[in-house]
file target_5.txt (compact mmCIF, C-alpha atoms)
# COMPACT_ATOMS: atom_id res chain seq x y z
CA MET Z 644 15.01 -16.88 16.71
CA THR Z 645 11.34 -17.50 17.49
CA ARG Z 646 8.56 -16.15 15.33
CA SER Z 647 7.38 -13.87 18.13
CA ALA Z 648 10.90 -12.46 18.54
CA ILE Z 649 11.06 -11.69 14.80
CA THR Z 650 7.61 -10.08 14.93
CA ALA Z 651 8.80 -7.94 17.86
CA GLN Z 652 11.82 -6.82 15.80
CA VAL Z 653 9.57 -5.82 12.90
CA LEU Z 654 7.20 -3.94 15.20
CA ALA Z 655 10.19 -2.13 16.72
CA ALA Z 656 11.35 -1.12 13.21
CA ASN Z 657 7.81 0.09 12.46
CA GLN Z 658 7.81 2.14 15.67
CA ARG Z 659 11.23 3.68 14.84
CA PHE Z 660 9.76 4.87 11.53
CA TYR Z 661 6.88 6.68 13.29
CA ASP Z 662 9.22 7.97 16.02
CA ALA Z 663 11.45 9.53 13.31
CA LEU Z 664 8.41 11.14 11.74
CA GLU Z 665 7.09 12.47 15.06
CA ALA Z 666 10.58 13.86 15.81
CA LEU Z 667 10.60 15.52 12.33
CA ASP Z 668 14.12 14.08 12.07
CA ILE Z 669 15.20 13.40 8.47
CA ALA Z 670 18.43 11.64 9.56
CA ALA Z 671 16.50 9.26 11.80
CA MET Z 672 14.03 8.74 8.95
CA GLU Z 673 16.87 7.92 6.53
CA ALA Z 674 18.26 5.39 9.04
CA CYS Z 675 14.92 3.54 8.92
CA TRP Z 676 15.09 3.02 5.14
CA SER Z 677 16.74 0.27 3.16
CA PRO Z 678 19.68 1.42 1.04
CA ALA Z 679 18.42 -0.90 -1.74
CA PRO Z 680 17.61 0.85 -5.03
CA GLY Z 681 13.95 -0.20 -5.19
CA VAL Z 682 12.52 1.79 -2.27
CA ALA Z 683 9.08 3.28 -2.87
CA CYS Z 684 6.87 5.69 -0.96
CA LEU Z 685 3.38 6.98 -1.48
CA HIS Z 686 1.79 9.71 0.64
CA PRO Z 687 -2.02 10.10 0.70
CA GLY Z 688 -3.35 11.29 -2.64
CA MET Z 689 0.13 11.63 -4.16
CA PRO Z 690 1.82 9.66 -6.97
CA TRP Z 691 4.63 7.14 -6.36
CA GLN Z 692 8.08 8.27 -5.28
CA ARG Z 693 10.80 5.76 -6.19
CA GLY Z 694 14.43 5.60 -5.05
CA TRP Z 695 15.90 7.33 -2.03
CA ASP Z 696 16.44 10.69 -3.81
CA GLU Z 697 12.71 11.02 -4.53
CA VAL Z 698 11.64 9.46 -1.23
CA SER Z 699 13.90 11.69 0.88
CA SER Z 700 12.83 14.81 -1.04
CA GLY Z 701 9.23 13.89 -0.26
CA TRP Z 702 9.95 13.53 3.45
CA GLU Z 703 11.87 16.82 3.49
CA VAL Z 704 8.82 18.64 2.06
CA ILE Z 705 6.52 16.99 4.64
CA LEU Z 706 8.85 17.71 7.57
CA ALA Z 707 9.35 21.33 6.44
CA ASN Z 708 5.59 21.83 6.31
CA THR Z 709 4.80 20.17 9.63
CA GLY Z 710 5.07 21.95 12.96
CA TYR Z 711 3.79 19.05 15.00
CA ILE Z 712 2.68 15.52 14.24
CA GLU Z 713 1.59 12.71 16.51
CA PHE Z 714 0.71 9.13 15.58
CA GLU Z 715 -1.48 6.62 17.35
CA ILE Z 716 -0.88 3.32 15.53
CA VAL Z 717 -3.81 0.89 15.74
CA ASP Z 718 -5.25 -2.14 13.91
CA VAL Z 719 -1.73 -3.53 13.41
CA GLU Z 720 -1.01 -6.82 11.61
CA VAL Z 721 2.48 -8.20 10.97
CA THR Z 722 3.34 -10.87 8.39
CA VAL Z 723 6.88 -12.28 8.28
CA ASN Z 724 8.22 -14.15 5.25
CA ASP Z 725 12.02 -13.98 5.72
CA PRO Z 726 13.83 -11.90 4.59
CA VAL Z 727 10.74 -9.73 4.08
CA ALA Z 728 8.06 -8.61 6.52
CA TRP Z 729 5.12 -6.29 6.14
CA VAL Z 730 2.97 -4.35 8.56
CA THR Z 731 -0.54 -3.17 7.79
CA CYS Z 732 -1.92 -0.64 10.25
CA VAL Z 733 -4.01 2.47 10.74
CA GLU Z 734 -2.36 5.77 11.64
CA ARG Z 735 -4.50 8.11 13.73
CA ILE Z 736 -2.72 11.37 13.02
CA THR Z 737 -2.93 14.70 14.83
CA SER Z 738 -0.87 17.39 13.12
CA ALA Z 739 -0.35 21.12 12.79
CA ALA Z 740 1.42 23.29 10.22
CA PRO Z 741 4.55 25.18 11.41
CA GLU Z 742 2.65 28.48 11.80
CA GLY Z 743 -0.73 26.90 12.35
CA ALA Z 744 -2.87 27.79 15.32
CA GLY Z 745 -5.06 24.67 15.14
CA THR Z 746 -4.56 20.97 14.66
CA ALA Z 747 -5.94 18.60 12.05
CA ALA Z 748 -6.88 14.96 12.49
CA ALA Z 749 -6.77 12.19 9.89
CA GLU Z 750 -7.09 8.45 9.76
CA VAL Z 751 -4.66 6.85 7.33
CA ALA Z 752 -4.22 3.20 6.29
CA ALA Z 753 -0.58 2.21 5.83
CA THR Z 754 1.41 -0.66 4.36
CA ASN Z 755 5.00 -0.70 5.61
CA LEU Z 756 7.25 -3.32 4.03
CA PHE Z 757 10.59 -4.18 5.64
CA VAL Z 758 13.60 -6.12 4.37
CA LEU Z 759 16.18 -7.73 6.64
CA ASP Z 760 19.80 -6.78 6.04
CA ALA Z 761 22.97 -6.86 8.17
CA THR Z 762 21.73 -3.81 10.12
CA GLY Z 763 18.28 -5.21 10.87
CA TRP Z 764 14.82 -4.59 9.42
CA ARG Z 765 14.79 -1.56 7.12
CA ILE Z 766 11.72 -0.13 5.41
CA ALA Z 767 11.60 -0.55 1.61
CA LEU Z 768 8.02 0.52 0.90
CA HIS Z 769 5.54 2.88 2.62
CA HIS Z 770 2.06 3.25 1.12
CA ALA Z 771 -0.32 5.53 2.99
CA SER Z 772 -3.91 6.45 2.05
CA LEU Z 773 -6.77 8.31 3.71
CA ILE Z 774 -9.62 6.29 5.17
CA ILE Z 775 -12.92 8.02 4.35
CA ARG Z 776 -15.65 7.39 6.92
CA PRO Z 777 -19.30 7.86 5.95
CA GLY Z 778 -20.36 11.33 7.04
CA HIS Z 779 -16.78 12.55 7.12
CA GLY Z 780 -16.26 13.63 3.54
CA GLU Z 781 -17.68 10.77 1.48
CA GLU Z 782 -20.03 11.63 -1.33
CA GLY Z 783 -23.78 11.17 -0.98
CA MET J 1202 16.11 -19.02 -12.93
CA THR J 1203 17.34 -15.61 -14.01
CA ARG J 1204 16.20 -12.43 -12.33
CA SER J 1205 14.43 -11.28 -15.48
CA ALA J 1206 12.55 -14.61 -15.70
CA ILE J 1207 11.39 -14.20 -12.08
CA THR J 1208 10.34 -10.61 -12.75
CA ALA J 1209 8.35 -11.83 -15.78
CA GLN J 1210 6.59 -14.42 -13.58
CA VAL J 1211 5.64 -11.72 -11.05
CA LEU J 1212 4.38 -9.40 -13.80
CA ALA J 1213 2.31 -12.29 -15.19
CA ALA J 1214 0.79 -12.88 -11.74
CA ASN J 1215 0.06 -9.15 -11.51
CA GLN J 1216 -1.64 -9.25 -14.94
CA ARG J 1217 -3.74 -12.31 -13.94
CA PHE J 1218 -5.03 -10.30 -10.96
CA TYR J 1219 -6.20 -7.43 -13.21
CA ASP J 1220 -7.54 -9.88 -15.81
CA ALA J 1221 -9.69 -11.54 -13.10
CA LEU J 1222 -10.97 -8.13 -12.04
CA GLU J 1223 -11.75 -7.06 -15.62
CA ALA J 1224 -13.55 -10.39 -16.16
CA LEU J 1225 -15.56 -9.76 -12.94
CA ASP J 1226 -14.67 -13.40 -12.14
CA ILE J 1227 -14.55 -14.13 -8.39
CA ALA J 1228 -13.19 -17.67 -8.94
CA ALA J 1229 -10.32 -16.37 -11.07
CA MET J 1230 -9.74 -13.67 -8.43
CA GLU J 1231 -9.59 -16.29 -5.65
CA ALA J 1232 -7.05 -18.29 -7.69
CA CYS J 1233 -4.76 -15.24 -7.69
CA TRP J 1234 -4.66 -15.03 -3.88
CA SER J 1235 -2.40 -16.80 -1.43
CA PRO J 1236 -4.18 -19.30 0.84
CA ALA J 1237 -2.00 -18.04 3.72
CA PRO J 1238 -3.94 -16.60 6.68
CA GLY J 1239 -2.39 -13.12 6.61
CA VAL J 1240 -3.84 -11.80 3.33
CA ALA J 1241 -4.85 -8.14 3.39
CA CYS J 1242 -6.72 -5.88 1.00
CA LEU J 1243 -7.52 -2.19 0.98
CA HIS J 1244 -9.73 -0.51 -1.60
CA PRO J 1245 -9.55 3.29 -2.09
CA GLY J 1246 -10.87 5.15 0.95
CA MET J 1247 -11.87 1.96 2.76
CA PRO J 1248 -10.48 0.36 5.93
CA TRP J 1249 -8.35 -2.82 5.92
CA GLN J 1250 -9.86 -6.19 5.06
CA ARG J 1251 -7.89 -9.09 6.54
CA GLY J 1252 -8.16 -12.82 5.83
CA TRP J 1253 -9.77 -14.41 2.79
CA ASP J 1254 -13.34 -14.25 4.20
CA GLU J 1255 -13.18 -10.45 4.49
CA VAL J 1256 -11.15 -10.01 1.31
CA SER J 1257 -13.46 -12.18 -0.83
CA SER J 1258 -16.57 -10.47 0.59
CA GLY J 1259 -15.04 -7.15 -0.44
CA TRP J 1260 -14.41 -8.36 -3.99
CA GLU J 1261 -17.93 -9.79 -4.22
CA VAL J 1262 -19.40 -6.38 -3.34
CA ILE J 1263 -17.20 -4.65 -5.92
CA LEU J 1264 -17.94 -7.18 -8.67
CA ALA J 1265 -21.70 -7.07 -7.94
CA ASN J 1266 -21.64 -3.27 -8.26
CA THR J 1267 -19.54 -3.12 -11.41
CA GLY J 1268 -20.99 -3.55 -14.89
CA TYR J 1269 -17.73 -2.92 -16.69
CA ILE J 1270 -14.17 -2.20 -15.62
CA GLU J 1271 -11.01 -1.78 -17.66
CA PHE J 1272 -7.47 -1.29 -16.38
CA GLU J 1273 -4.49 0.29 -18.06
CA ILE J 1274 -1.53 -0.51 -15.81
CA VAL J 1275 1.31 2.01 -16.03
CA ASP J 1276 4.32 3.23 -14.02
CA VAL J 1277 5.12 -0.37 -12.99
CA GLU J 1278 8.06 -1.30 -10.75
CA VAL J 1279 8.83 -4.84 -9.58
CA THR J 1280 11.07 -5.75 -6.64
CA VAL J 1281 11.92 -9.40 -5.99
CA ASN J 1282 13.25 -10.61 -2.66
CA ASP J 1283 12.58 -14.38 -2.73
CA PRO J 1284 10.14 -15.75 -1.70
CA VAL J 1285 8.41 -12.37 -1.75
CA ALA J 1286 7.97 -9.86 -4.57
CA TRP J 1287 6.06 -6.62 -4.77
CA VAL J 1288 4.73 -4.52 -7.61
CA THR J 1289 3.99 -0.82 -7.36
CA CYS J 1290 1.97 0.60 -10.23
CA VAL J 1291 -0.72 3.02 -11.30
CA GLU J 1292 -4.13 1.73 -12.40
CA ARG J 1293 -5.89 3.90 -14.96
CA ILE J 1294 -9.44 2.69 -14.47
CA THR J 1295 -12.49 3.13 -16.69
CA SER J 1296 -15.61 1.67 -15.11
CA ALA J 1297 -19.38 1.69 -15.18
CA ALA J 1298 -22.06 0.55 -12.75
CA PRO J 1299 -24.26 -2.41 -13.83
CA GLU J 1300 -27.16 -0.14 -14.79
CA GLY J 1301 -25.04 2.90 -15.51
CA ALA J 1302 -25.29 4.76 -18.79
CA GLY J 1303 -21.93 6.50 -18.44
CA THR J 1304 -18.41 5.59 -17.43
CA ALA J 1305 -16.17 6.95 -14.72
CA ALA J 1306 -12.39 7.32 -14.81
CA ALA J 1307 -9.97 7.15 -11.90
CA GLU J 1308 -6.25 6.97 -11.35
CA VAL J 1309 -5.28 4.65 -8.51
CA ALA J 1310 -1.87 3.84 -7.01
CA ALA J 1311 -1.47 0.20 -6.06
CA THR J 1312 0.89 -1.98 -4.07
CA ASN J 1313 0.53 -5.67 -4.94
CA LEU J 1314 2.62 -8.06 -2.83
CA PHE J 1315 3.15 -11.65 -3.97
CA VAL J 1316 4.48 -14.72 -2.19
CA LEU J 1317 5.92 -17.75 -3.96
CA ASP J 1318 4.37 -21.09 -3.12
CA ALA J 1319 4.20 -24.48 -4.87
CA THR J 1320 1.59 -23.09 -7.29
CA GLY J 1321 3.53 -19.97 -8.22
CA TRP J 1322 3.31 -16.31 -7.21
CA ARG J 1323 0.10 -15.58 -5.31
CA ILE J 1324 -1.04 -12.18 -4.10
CA ALA J 1325 -1.01 -11.67 -0.33
CA LEU J 1326 -1.61 -7.92 -0.13
CA HIS J 1327 -3.38 -5.37 -2.35
CA HIS J 1328 -3.38 -1.72 -1.26
CA ALA J 1329 -5.06 0.72 -3.63
CA SER J 1330 -5.55 4.47 -3.19
CA LEU J 1331 -6.77 7.35 -5.34
CA ILE J 1332 -4.21 9.70 -6.82
CA ILE J 1333 -5.52 13.26 -6.57
CA ARG J 1334 -4.26 15.55 -9.35
CA PRO J 1335 -4.38 19.32 -8.85
CA GLY J 1336 -7.53 20.63 -10.50
CA HIS J 1337 -9.22 17.22 -10.37
CA GLY J 1338 -10.80 17.26 -6.96
CA GLU J 1339 -8.07 18.55 -4.67
CA GLU J 1340 -9.03 21.25 -2.20
CA GLY J 1341 -8.16 24.87 -2.88

call {"tool": "encode", "arguments": {"input": "target_5.txt", "output": "structure tokens"}}
result
Amino acid sequence: MTRSAITAQVLAANQRFYDALEALDIAAMEACWSPAPGVACLHPGMPWQRGWDEVSSGWEVILANTGYIEFEIVDVEVTVNDPVAWVTCVERITSAAPEGAGTAAAEVAATNLFVLDATGWRIALHHASLIIRPGHGEEG
Amino acid sequence: MTRSAITAQVLAANQRFYDALEALDIAAMEACWSPAPGVACLHPGMPWQRGWDEVSSGWEVILANTGYIEFEIVDVEVTVNDPVAWVTCVERITSAAPEGAGTAAAEVAATNLFVLDATGWRIALHHASLIIRPGHGEEG
């Protein structure tokens, strides 16, 4: 398989992750994740969640508290080092709470690390953190 | 080599990275990093830096603006998937500006990804983000 074909597979796995999140679909989200014991997830400002029990509980809380969420994924870089690949990107997020009248916007930097198993590329680590732009919340 | 010996190598590489930072030593920091083109670095609240030119410029700014920095590394997990390994941890940071009279404390979650080359485990990705504890700066 060519390098560009592998990169396309990884980008497709990255897109499935954001599609599952936009669909607020915990089963689709679970299907994106590696069944390996060492999975790790960090949402902006939060501490580490390790293992699928903690990671899935975290997603359930987020999905239950989200009425609508949309991702524009930009500034994407893919590095492949078989059987591992990682994507660094920026998530431009528009979201609303379940009962919320208005929407909120955020810009989040993400590391998504994938491992290749018999089923394809599955995510093993998601680290997301807010990008603070001068004039939009930074001190001083 | 046993799994525990590999894990010890990765933890040693992780420690060298923090030792270089505590020593404010840009040459030691450079020695920790992979020479591969896809290196990426993200400091808390900042956008992505990609490639060694951007990454090293970022470290130079941080080192020039730091008089003192000390790391206590806790909550450490290592995952090895040869030739890649990643560490997730929490950095308890005490730091001071060059001319600063006082110190500041922060708790930062980090992902450090290492790749194995002929020289050993070298860091290819560092993603760091502030952990916000309730009552320590969170809204509401």

call {"tool": "closest_residue", "arguments": {"input": "target_5.txt", "among": "J:Ala1241, J:Met1202, J:Ala1298, J:Leu1225", "to": "Asp1254 in chain J", "atoms": "all atoms listed in the file"}}
result
J:Ala1241

call {"tool": "interface_residues", "arguments": {"input": "target_5.txt", "of": "chain J", "to": "chain Z", "cutoff": "10 Å", "atoms": "all atoms listed in the file", "output": "PyMOL selection string"}}
result
chain J and resi 1238-1249+1251+1276+1278-1287+1289-1291+1308-1312+1314+1316+1325-1334+1339

call {"tool": "atom_distance", "arguments": {"input": "target_5.txt", "atom1": "CA of Thr1267 in chain J", "atom2": "CA of Ala1214 in chain J"}}
result
22.6 Å

call {"tool": "closest_residue", "arguments": {"input": "target_5.txt", "among": "Z:Glu713, Z:Glu734, Z:Asp760, Z:Glu742", "to": "Asp662 in chain Z", "atoms": "all atoms listed in the file"}}
result
Z:Glu713

call {"tool": "residues_around", "arguments": {"input": "target_5.txt", "residues": "Met1230 in chain J", "least_positions_apart": "3", "cutoff": "9 Å", "atoms": "only C-alpha atoms", "output": "ChimeraX atom specification"}}
result
/J:1217-1222,1225-1227,1233-1234,1257,1260

call {"tool": "atom_distance", "arguments": {"input": "target_5.txt", "atom1": "CA of Tyr1269 in chain J", "atom2": "CA of Gly1303 in chain J"}}
result
10.5 Å
